[in-house]
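Asks: Here you go, this is final.cif (mmCIF, C-alpha atoms and all ligand atoms).
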```cif
data_start
#
loop_
_atom_site.group_PDB
_atom_site.id
_atom_site.type_symbol
_atom_site.label_atom_id
_atom_site.label_comp_id
_atom_site.auth_asym_id
_atom_site.auth_seq_id
_atom_site.Cartn_x
_atom_site.Cartn_y
_atom_site.Cartn_z
ATOM 1 C CA MET A 323 122.943 126.484 99.646
ATOM 2 C CA THR A 324 119.632 127.128 101.412
ATOM 3 C CA SER A 325 119.068 127.430 105.129
ATOM 4 C CA LEU A 326 117.593 124.214 106.546
ATOM 5 C CA ARG A 327 115.449 126.198 108.974
ATOM 6 C CA ALA A 328 113.930 128.290 106.146
ATOM 7 C CA LEU A 329 113.175 125.164 104.091
ATOM 8 C CA LEU A 330 111.480 123.491 107.040
ATOM 9 C CA ASP A 331 109.449 126.547 107.999
ATOM 10 C CA ASP A 332 108.236 126.991 104.434
ATOM 11 C CA ALA A 333 107.350 123.288 104.025
ATOM 12 C CA THR A 334 105.529 123.273 107.365
ATOM 13 C CA ARG A 335 103.373 126.198 106.256
ATOM 14 C CA ARG A 336 102.582 124.469 102.946
ATOM 15 C CA LEU A 337 101.673 121.157 104.541
ATOM 16 C CA SER A 338 99.577 122.843 107.199
ATOM 17 C CA ALA A 339 97.643 124.748 104.518
ATOM 18 C CA ALA A 340 97.076 121.438 102.695
ATOM 19 C CA GLY A 341 95.424 119.969 105.805
ATOM 20 C CA VAL A 342 98.231 117.595 106.808
ATOM 21 C CA GLY A 343 97.723 116.723 110.470
ATOM 22 C CA SER A 344 101.365 116.793 111.606
ATOM 23 C CA PRO A 345 103.030 119.276 109.204
ATOM 24 C CA ARG A 346 106.280 119.915 111.113
ATOM 25 C CA VAL A 347 106.993 116.256 111.817
ATOM 26 C CA ASP A 348 106.237 115.317 108.215
ATOM 27 C CA ALA A 349 108.447 118.121 106.891
ATOM 28 C CA GLU A 350 111.322 117.000 109.117
ATOM 29 C CA LEU A 351 110.932 113.330 108.164
ATOM 30 C CA LEU A 352 110.847 114.203 104.464
ATOM 31 C CA LEU A 353 113.914 116.420 104.696
ATOM 32 C CA ALA A 354 115.833 113.813 106.675
ATOM 33 C CA HIS A 355 114.846 111.248 104.027
ATOM 34 C CA CYS A 356 116.105 113.499 101.204
ATOM 35 C CA LEU A 357 119.355 114.145 103.082
ATOM 36 C CA GLY A 358 119.743 110.418 103.832
ATOM 37 C CA VAL A 359 120.113 111.010 107.579
ATOM 38 C CA GLU A 360 118.182 110.297 110.782
ATOM 39 C CA ARG A 361 115.693 113.023 111.761
ATOM 40 C CA SER A 362 117.782 113.799 114.868
ATOM 41 C CA ARG A 363 120.678 114.910 112.573
ATOM 42 C CA LEU A 364 118.624 117.883 111.357
ATOM 43 C CA ALA A 365 119.441 119.643 114.625
ATOM 44 C CA VAL A 366 123.128 119.783 113.676
ATOM 45 C CA THR A 367 122.664 120.661 109.977
ATOM 46 C CA ASP A 368 122.591 124.328 108.878
ATOM 47 C CA ASP A 369 122.423 124.333 105.083
ATOM 48 C CA VAL A 370 120.982 122.162 102.316
ATOM 49 C CA ASP A 371 122.564 121.792 98.864
ATOM 50 C CA PRO A 372 120.474 122.702 95.755
ATOM 51 C CA VAL A 373 119.949 119.096 94.556
ATOM 52 C CA THR A 374 118.617 117.994 97.957
ATOM 53 C CA ALA A 375 116.504 121.154 98.250
ATOM 54 C CA GLN A 376 114.840 120.301 94.903
ATOM 55 C CA ALA A 377 114.230 116.692 95.971
ATOM 56 C CA PHE A 378 112.687 118.013 99.190
ATOM 57 C CA ALA A 379 110.448 120.431 97.261
ATOM 58 C CA ASP A 380 109.209 117.504 95.130
ATOM 59 C CA ALA A 381 108.542 115.396 98.233
ATOM 60 C CA VAL A 382 106.639 118.256 99.895
ATOM 61 C CA ASP A 383 104.531 118.663 96.713
ATOM 62 C CA ARG A 384 103.562 114.988 96.922
ATOM 63 C CA ARG A 385 102.702 115.230 100.620
ATOM 64 C CA ALA A 386 100.709 118.435 100.037
ATOM 65 C CA ASP A 387 98.689 116.395 97.512
ATOM 66 C CA ARG A 388 98.000 114.115 100.528
ATOM 67 C CA GLU A 389 100.029 111.167 99.302
ATOM 68 C CA PRO A 390 100.726 109.131 102.462
ATOM 69 C CA LEU A 391 104.005 110.072 104.141
ATOM 70 C CA GLN A 392 104.934 106.393 104.273
ATOM 71 C CA HIS A 393 104.531 105.988 100.504
ATOM 72 C CA ILE A 394 106.939 108.876 99.915
ATOM 73 C CA LEU A 395 109.446 107.500 102.427
ATOM 74 C CA GLY A 396 108.833 103.917 101.238
ATOM 75 C CA ARG A 397 108.892 102.859 104.896
ATOM 76 C CA ALA A 398 106.560 102.606 107.880
ATOM 77 C CA ALA A 399 107.507 102.224 111.533
ATOM 78 C CA PHE A 400 105.645 99.523 113.480
ATOM 79 C CA ARG A 401 106.698 98.507 117.008
ATOM 80 C CA TYR A 402 110.493 97.987 116.616
ATOM 81 C CA LEU A 403 110.243 97.363 112.867
ATOM 82 C CA ASP A 404 110.878 99.460 109.788
ATOM 83 C CA LEU A 405 108.639 97.959 107.082
ATOM 84 C CA ALA A 406 108.780 98.462 103.317
ATOM 85 C CA VAL A 407 105.429 99.887 102.175
ATOM 86 C CA GLY A 408 103.939 101.353 99.027
ATOM 87 C CA PRO A 409 100.925 101.330 96.720
ATOM 88 C CA GLY A 410 99.008 98.041 96.753
ATOM 89 C CA ALA A 411 99.303 97.367 100.475
ATOM 90 C CA PHE A 412 97.758 98.855 103.604
ATOM 91 C CA VAL A 413 100.039 101.202 105.566
ATOM 92 C CA PRO A 414 100.319 99.791 109.121
ATOM 93 C CA ARG A 415 98.774 102.044 111.788
ATOM 94 C CA PRO A 416 99.959 102.715 115.353
ATOM 95 C CA GLU A 417 96.731 101.465 116.980
ATOM 96 C CA THR A 418 97.380 97.955 115.592
ATOM 97 C CA GLU A 419 100.569 97.786 117.691
ATOM 98 C CA LEU A 420 98.314 97.138 120.720
ATOM 99 C CA LEU A 421 97.442 93.670 119.423
ATOM 100 C CA VAL A 422 101.045 92.542 119.941
ATOM 101 C CA ASP A 423 100.894 93.346 123.653
ATOM 102 C CA ALA A 424 97.536 91.585 123.854
ATOM 103 C CA ILE A 425 99.116 88.211 123.072
ATOM 104 C CA ARG A 426 102.768 88.529 124.202
ATOM 105 C CA PRO A 427 103.950 85.975 126.783
ATOM 106 C CA GLY A 428 103.767 87.403 130.283
ATOM 107 C CA LEU A 429 101.453 90.168 129.123
ATOM 108 C CA GLY A 430 97.829 90.400 128.126
ATOM 109 C CA LEU A 431 96.391 86.925 127.787
ATOM 110 C CA GLY A 432 99.756 85.328 128.542
ATOM 111 C CA LEU A 433 100.865 82.738 125.978
ATOM 112 C CA GLY A 434 103.439 80.033 126.539
ATOM 113 C CA GLU A 435 107.060 80.518 125.514
ATOM 114 C CA ALA A 436 106.985 78.873 122.055
ATOM 115 C CA PRO A 437 103.545 79.546 120.622
ATOM 116 C CA ILE A 438 102.171 78.938 117.165
ATOM 117 C CA VAL A 439 100.694 82.258 115.981
ATOM 118 C CA VAL A 440 98.601 82.994 112.885
ATOM 119 C CA ASP A 441 98.141 86.528 111.508
ATOM 120 C CA LEU A 442 94.991 86.604 109.350
ATOM 121 C CA CYS A 443 94.822 89.454 106.772
ATOM 122 C CA ALA A 444 98.540 90.121 107.166
ATOM 123 C CA GLY A 445 99.084 92.948 104.646
ATOM 124 C CA THR A 446 102.740 94.035 104.753
ATOM 125 C CA GLY A 447 103.283 91.608 107.658
ATOM 126 C CA ALA A 448 103.317 94.171 110.472
ATOM 127 C CA LEU A 449 101.722 91.978 113.143
ATOM 128 C CA ALA A 450 103.355 88.725 112.043
ATOM 129 C CA LEU A 451 106.835 90.260 111.926
ATOM 130 C CA ALA A 452 106.468 92.147 115.216
ATOM 131 C CA ILE A 453 105.400 88.949 116.978
ATOM 132 C CA ALA A 454 108.227 86.976 115.364
ATOM 133 C CA GLN A 455 110.700 89.634 116.524
ATOM 134 C CA GLU A 456 109.351 90.035 120.055
ATOM 135 C CA VAL A 457 108.558 86.374 120.710
ATOM 136 C CA PRO A 458 111.589 84.765 119.026
ATOM 137 C CA ALA A 459 110.505 81.192 119.830
ATOM 138 C CA ALA A 460 107.120 81.670 118.149
ATOM 139 C CA ARG A 461 106.255 79.965 114.855
ATOM 140 C CA VAL A 462 104.367 82.591 112.892
ATOM 141 C CA TYR A 463 102.130 82.194 109.819
ATOM 142 C CA ALA A 464 100.931 85.225 107.810
ATOM 143 C CA VAL A 465 97.783 84.755 105.691
ATOM 144 C CA GLU A 466 96.963 87.269 102.942
ATOM 145 C CA ARG A 467 94.689 87.176 99.885
ATOM 146 C CA SER A 468 95.743 90.123 97.728
ATOM 147 C CA ASP A 469 98.551 89.533 95.208
ATOM 148 C CA ALA A 470 99.739 93.135 95.556
ATOM 149 C CA ALA A 471 99.881 92.901 99.350
ATOM 150 C CA LEU A 472 101.565 89.479 99.112
ATOM 151 C CA ALA A 473 104.421 91.075 97.161
ATOM 152 C CA TRP A 474 105.094 93.496 100.060
ATOM 153 C CA LEU A 475 104.587 90.705 102.594
ATOM 154 C CA ARG A 476 107.153 88.500 100.854
ATOM 155 C CA ARG A 477 109.597 91.381 100.655
ATOM 156 C CA ASN A 478 109.259 92.190 104.368
ATOM 157 C CA THR A 479 109.416 88.585 105.552
ATOM 158 C CA ALA A 480 112.405 87.640 103.351
ATOM 159 C CA GLY A 481 115.160 86.286 105.573
ATOM 160 C CA THR A 482 112.810 85.760 108.544
ATOM 161 C CA ASP A 483 111.119 82.575 109.792
ATOM 162 C CA VAL A 484 107.606 83.919 109.145
ATOM 163 C CA THR A 485 105.682 81.590 106.817
ATOM 164 C CA VAL A 486 103.683 83.416 104.129
ATOM 165 C CA VAL A 487 100.375 81.731 103.300
ATOM 166 C CA PRO A 488 98.465 83.026 100.265
ATOM 167 C CA GLY A 489 94.844 82.460 101.240
ATOM 168 C CA ASP A 490 91.368 83.757 101.945
ATOM 169 C CA VAL A 491 89.913 83.891 105.456
ATOM 170 C CA ALA A 492 86.580 82.885 103.924
ATOM 171 C CA ASP A 493 88.124 79.484 103.040
ATOM 172 C CA ASP A 494 87.209 76.936 105.703
ATOM 173 C CA GLY A 495 89.992 74.675 104.438
ATOM 174 C CA LEU A 496 92.675 77.235 105.401
ATOM 175 C CA LEU A 497 95.804 75.822 107.127
ATOM 176 C CA PRO A 498 94.418 72.281 107.577
ATOM 177 C CA ASP A 499 97.578 71.025 109.329
ATOM 178 C CA LEU A 500 97.219 73.642 112.078
ATOM 179 C CA ARG A 501 93.598 72.958 113.036
ATOM 180 C CA GLY A 502 93.211 72.856 116.807
ATOM 181 C CA ARG A 503 96.954 73.484 117.354
ATOM 182 C CA VAL A 504 97.354 77.254 117.214
ATOM 183 C CA ASP A 505 98.053 79.258 120.393
ATOM 184 C CA ALA A 506 97.093 82.719 119.116
ATOM 185 C CA VAL A 507 95.310 84.266 116.145
ATOM 186 C CA VAL A 508 95.775 87.981 115.555
ATOM 187 C CA SER A 509 94.022 89.971 112.875
ATOM 188 C CA ASN A 510 93.619 93.508 111.665
ATOM 189 C CA PRO A 511 91.090 92.823 108.893
ATOM 190 C CA PRO A 512 89.225 95.335 106.734
ATOM 191 C CA TYR A 513 86.402 96.711 108.894
ATOM 192 C CA VAL A 514 85.321 100.206 107.793
ATOM 193 C CA PRO A 515 81.649 100.413 106.739
ATOM 194 C CA ALA A 516 81.393 101.214 103.005
ATOM 195 C CA GLY A 517 80.630 104.864 102.368
ATOM 196 C CA THR A 518 82.348 106.111 105.532
ATOM 197 C CA PRO A 519 84.134 109.418 104.737
ATOM 198 C CA VAL A 520 87.889 108.893 105.099
ATOM 199 C CA GLU A 521 90.987 111.101 104.963
ATOM 200 C CA PRO A 522 92.716 111.380 101.556
ATOM 201 C CA GLU A 523 95.623 109.257 102.827
ATOM 202 C CA VAL A 524 93.252 106.344 103.550
ATOM 203 C CA ARG A 525 92.104 106.442 99.928
ATOM 204 C CA ALA A 526 95.660 105.436 98.975
ATOM 205 C CA ASP A 527 95.123 102.120 100.811
ATOM 206 C CA PRO A 528 93.466 99.433 98.666
ATOM 207 C CA ASP A 529 89.685 99.408 99.163
ATOM 208 C CA GLU A 530 89.773 95.686 99.962
ATOM 209 C CA ALA A 531 92.135 96.438 102.851
ATOM 210 C CA VAL A 532 89.858 99.066 104.377
ATOM 211 C CA PHE A 533 86.181 98.523 103.607
ATOM 212 C CA ALA A 534 84.074 95.497 104.568
ATOM 213 C CA GLY A 535 80.528 95.803 103.271
ATOM 214 C CA ASP A 536 77.806 98.208 104.315
ATOM 215 C CA ASP A 537 78.173 97.474 108.022
ATOM 216 C CA GLY A 538 81.942 96.888 108.050
ATOM 217 C CA LEU A 539 81.394 93.356 109.304
ATOM 218 C CA SER A 540 81.682 91.262 106.146
ATOM 219 C CA VAL A 541 85.152 89.889 107.015
ATOM 220 C CA ILE A 542 85.352 89.668 110.829
ATOM 221 C CA PRO A 543 82.888 86.722 111.068
ATOM 222 C CA ASN A 544 85.231 84.757 108.775
ATOM 223 C CA VAL A 545 88.211 85.723 110.953
ATOM 224 C CA ILE A 546 86.341 84.442 114.009
ATOM 225 C CA ALA A 547 85.342 81.202 112.248
ATOM 226 C CA ARG A 548 88.941 80.543 111.131
ATOM 227 C CA ALA A 549 90.230 81.315 114.631
ATOM 228 C CA GLN A 550 87.665 78.965 116.106
ATOM 229 C CA ALA A 551 88.885 76.155 113.833
ATOM 230 C CA LEU A 552 92.607 76.821 114.259
ATOM 231 C CA LEU A 553 92.955 77.591 117.976
ATOM 232 C CA ARG A 554 93.546 74.920 120.585
ATOM 233 C CA PRO A 555 91.359 75.087 123.715
ATOM 234 C CA GLY A 556 92.806 77.977 125.737
ATOM 235 C CA GLY A 557 94.217 79.625 122.598
ATOM 236 C CA VAL A 558 93.618 83.361 122.219
ATOM 237 C CA LEU A 559 92.153 85.596 119.533
ATOM 238 C CA ALA A 560 92.849 89.332 119.224
ATOM 239 C CA VAL A 561 90.965 91.087 116.426
ATOM 240 C CA GLU A 562 90.945 94.794 115.636
ATOM 241 C CA HIS A 563 87.660 96.464 114.720
ATOM 242 C CA ASP A 564 86.036 99.765 113.829
ATOM 243 C CA ASP A 565 85.481 102.131 116.755
ATOM 244 C CA THR A 566 81.721 101.768 116.219
ATOM 245 C CA HIS A 567 81.941 97.977 116.761
ATOM 246 C CA GLY A 568 82.902 97.821 120.448
ATOM 247 C CA GLU A 569 79.720 95.868 121.147
ATOM 248 C CA ALA A 570 79.042 94.252 117.764
ATOM 249 C CA VAL A 571 82.320 92.305 117.538
ATOM 250 C CA PRO A 572 82.237 90.859 121.097
ATOM 251 C CA ALA A 573 78.628 89.853 120.343
ATOM 252 C CA LEU A 574 79.895 87.784 117.378
ATOM 253 C CA LEU A 575 82.057 85.760 119.816
ATOM 254 C CA GLY A 576 79.349 83.475 121.135
ATOM 255 C CA ASP A 577 79.486 79.724 121.750
ATOM 256 C CA GLY A 578 82.992 78.340 121.742
ATOM 257 C CA TRP A 579 84.572 81.359 123.428
ATOM 258 C CA ARG A 580 85.173 82.557 126.989
ATOM 259 C CA ASP A 581 86.709 85.661 128.608
ATOM 260 C CA VAL A 582 85.431 87.845 125.759
ATOM 261 C CA ALA A 583 86.616 91.420 126.278
ATOM 262 C CA ASP A 584 86.804 94.625 124.310
ATOM 263 C CA HIS A 585 89.680 97.102 124.576
ATOM 264 C CA ARG A 586 90.247 100.775 123.820
ATOM 265 C CA ASP A 587 93.103 102.385 121.914
ATOM 266 C CA LEU A 588 95.277 105.211 123.223
ATOM 267 C CA ALA A 589 92.661 107.736 122.087
ATOM 268 C CA GLY A 590 90.060 105.954 124.243
ATOM 269 C CA ARG A 591 88.109 104.488 121.309
ATOM 270 C CA PRO A 592 86.893 100.860 121.233
ATOM 271 C CA ARG A 593 89.560 99.201 119.053
ATOM 272 C CA TYR A 594 90.002 95.436 119.468
ATOM 273 C CA ALA A 595 88.363 92.399 120.995
ATOM 274 C CA THR A 596 90.048 89.443 122.668
ATOM 275 C CA ALA A 597 88.672 86.031 123.561
ATOM 276 C CA VAL A 598 89.879 82.615 124.676
ATOM 277 C CA ARG A 599 88.889 79.434 122.826
ATOM 278 C CA ALA A 600 86.744 77.426 125.219
HETATM 279 C C1 LIG B 701 93.474 96.573 107.284
HETATM 280 S S1 LIG B 701 94.596 95.693 106.258
HETATM 281 C C2 LIG B 701 95.703 95.167 107.545
HETATM 282 C C3 LIG B 701 97.034 94.685 107.124
HETATM 283 C C4 LIG B 701 97.967 94.380 108.299
HETATM 284 N N1 LIG B 701 97.400 93.355 109.153
HETATM 285 C C5 LIG B 701 98.248 95.621 109.101
HETATM 286 O O1 LIG B 701 97.735 95.742 110.207
HETATM 287 O O2 LIG B 701 98.984 96.480 108.610
HETATM 288 C C6 LIG B 701 93.657 94.235 105.861
HETATM 289 C C7 LIG B 701 94.338 93.219 104.948
HETATM 290 O O3 LIG B 701 93.437 92.115 104.770
HETATM 291 C C8 LIG B 701 93.534 91.657 103.437
HETATM 292 N N2 LIG B 701 92.294 90.924 103.148
HETATM 293 C C9 LIG B 701 91.075 91.456 102.863
HETATM 294 N N3 LIG B 701 90.177 90.473 102.707
HETATM 295 C C10 LIG B 701 90.834 89.297 102.912
HETATM 296 C C11 LIG B 701 90.433 87.934 102.902
HETATM 297 N N4 LIG B 701 89.150 87.589 102.641
HETATM 298 N N5 LIG B 701 91.355 86.990 103.145
HETATM 299 C C12 LIG B 701 92.641 87.325 103.419
HETATM 300 N N6 LIG B 701 93.091 88.610 103.430
HETATM 301 C C13 LIG B 701 92.191 89.587 103.191
HETATM 302 C C14 LIG B 701 93.755 92.907 102.622
HETATM 303 O O4 LIG B 701 94.330 92.613 101.366
HETATM 304 C C15 LIG B 701 94.679 93.703 103.553
HETATM 305 O O5 LIG B 701 96.029 93.413 103.279
#
```
Represent the structure of the file as structure tokens.
Replies:
Amino acid sequence: MTSLRALLDDATRRLSAAGVGSPRVDAELLLAHCLGVERSRLAVTDDVDPVTAQAFADAVDRRADREPLQHILGRAAFRYLDLAVGPGAFVPRPETELLVDAIRPGLGLGLGEAPIVVDLCAGTGALALAIAQEVPAARVYAVERSDAALAWLRRNTAGTDVTVVPGDVADDGLLPDLRGRVDAVVSNPPYVPAGTPVEPEVRADPDEAVFAGDDGLSVIPNVIARAQALLRPGGVLAVEHDDTHGEAVPALLGDGWRDVADHRDLAGRPRYATAVRA
């Protein structure tokens, strides 16, 4: 048996030296995963058996190589959800959680009680599933183009009422039955300008989930056009963007929109725009 404290201290040092931003938290989450317990149980565990200690060493090696923590755990937390994630799909990020509050009834732009909601560029389904969970009367559609991401999306939405729609936001024939009837469109599309230096973990996300042309704006105009076609008058759009696009994205919301606003994330960076269909 090995002391849990010694294992954690050693792993924390290794991850810190590898440039991992939150080495202690990652070490604890990985050890809890290997032990098959909640992280809070580590406080009441003294020793680790040799098989688990080896599994933990392997997991720490992977994380020290900057494989995303969520890929090693196979899970990502988002709002109140625990999503299955892995190679081929974008790992949901905490800043995207803000878009749920932007459209929740009684909050933000204040939807009705039983809205129709469309998540464009749905990835693993983080936004679609969070809205379905937190607004139980909502009818939610999740649009995604990538086959690899669709596999994760189908896995996460299995057993829920979220409707998966394989499709491209560049397609102006998308969701023809919903034209003019949708109450809210949410989207976290790819938006990073090509060539932007990114952390090693981001390189594990598919390029098509992250980058959007030289200026990072090759997809958002299609998101806005689809939202314009799908939303009813008074319907709301919330779209995440790069922190350099706090003026560029609102400027794309011209005729056909009112109450255009841009919002900051918890780090104070411009992060998403909202608008109401005129
Ligand atoms: C930044 S990821 C966001 C995924 C998810 N919304 C989230 O927040 O975790 C962008 C997603 O858009 C998808 N995508 C990229 N271009 C698309 C397009 N033209 N039509 C539909 N989906 C697209 C990618 O495959 C990827 O899953």
Asks: Excluding stretch 363-366 of chain A and any residue of its chain fewer than 2 positions from it, enumerate the residues within 9 Å of it, using all atoms listed in the file, and give them as an mmCIF file with C-alpha atoms, in the frame of the given file.
Replies:
```cif
data_model
loop_
_atom_site.group_PDB
_atom_site.id
_atom_site.type_symbol
_atom_site.label_atom_id
_atom_site.label_comp_id
_atom_site.auth_asym_id
_atom_site.auth_seq_id
_atom_site.Cartn_x
_atom_site.Cartn_y
_atom_site.Cartn_z
ATOM 1 C CA LEU A 326 117.593 124.214 106.546
ATOM 2 C CA GLU A 350 111.322 117.000 109.117
ATOM 3 C CA LEU A 353 113.914 116.420 104.696
ATOM 4 C CA ALA A 354 115.833 113.813 106.675
ATOM 5 C CA VAL A 359 120.113 111.010 107.579
ATOM 6 C CA GLU A 360 118.182 110.297 110.782
ATOM 7 C CA ARG A 361 115.693 113.023 111.761
ATOM 8 C CA ASP A 368 122.591 124.328 108.878
#
```
Asks: Please write as JSON, numbers by chain the list of polymer residues whose atoms come within 10 Å of (84.3, 81.2, 103.7), counting all atoms listed in the file and keeping to the coordinates of the file.
Replies: {"A": [490, 491, 492, 493, 494, 495, 496, 541, 543, 544, 545, 547, 548]}
Asks: Evaluate the PyMOL selection byres (((chain A and resi 568) around 8) and not hetatm) against this structure - the residues, as a ChimeraX atom specification, please.
Replies: /A:563-567,569-572,584-585,592-595
Asks: Can you tell me which residues sit at most 6 Å away from ligand LIG 701 (chain B), counting all atoms listed in the file, written as an MDAnalysis selection string?
Replies: chainID A and resid 411:414 418 443:446 448 466:468 471 489:492 510:512 530:532
Asks: Nearest to A:Glu419: which of A:Ala340, A:Ala379, A:Val484, A:Ala560 is it, counting all atoms listed in the file?
Replies: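 Of A:Ala340, A:Ala379, A:Val484, A:Ala560, the one nearest A:Glu419 is A:Ala560, counting all atoms listed in the file.
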Asks: Translate the PyMOL selection byres (((chain A and resi 579) around 9) and not hetatm), as applied to the file shown, into an explicit residue set as a CSV table (one decimal) with C-alpha atoms, in the frame of the given file.
Replies:
```csv
chain,number,residue,atom,x,y,z
A,550,GLN,CA,87.7,79.0,116.1
A,575,LEU,CA,82.1,85.8,119.8
A,576,GLY,CA,79.3,83.5,121.1
A,577,ASP,CA,79.5,79.7,121.8
A,578,GLY,CA,83.0,78.3,121.7
A,580,ARG,CA,85.2,82.6,127.0
A,581,ASP,CA,86.7,85.7,128.6
A,582,VAL,CA,85.4,87.8,125.8
A,597,ALA,CA,88.7,86.0,123.6
A,598,VAL,CA,89.9,82.6,124.7
A,599,ARG,CA,88.9,79.4,122.8
A,600,ALA,CA,86.7,77.4,125.2
```
Asks: For a test of reading the model, state the distance in Å between atom CA of A:Val486 and atom CA of A:Leu442, rounded to one decimal.
Replies: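 Atom CA of A:Leu442 lies at a distance of 10.6 Å from atom CA of A:Val486.
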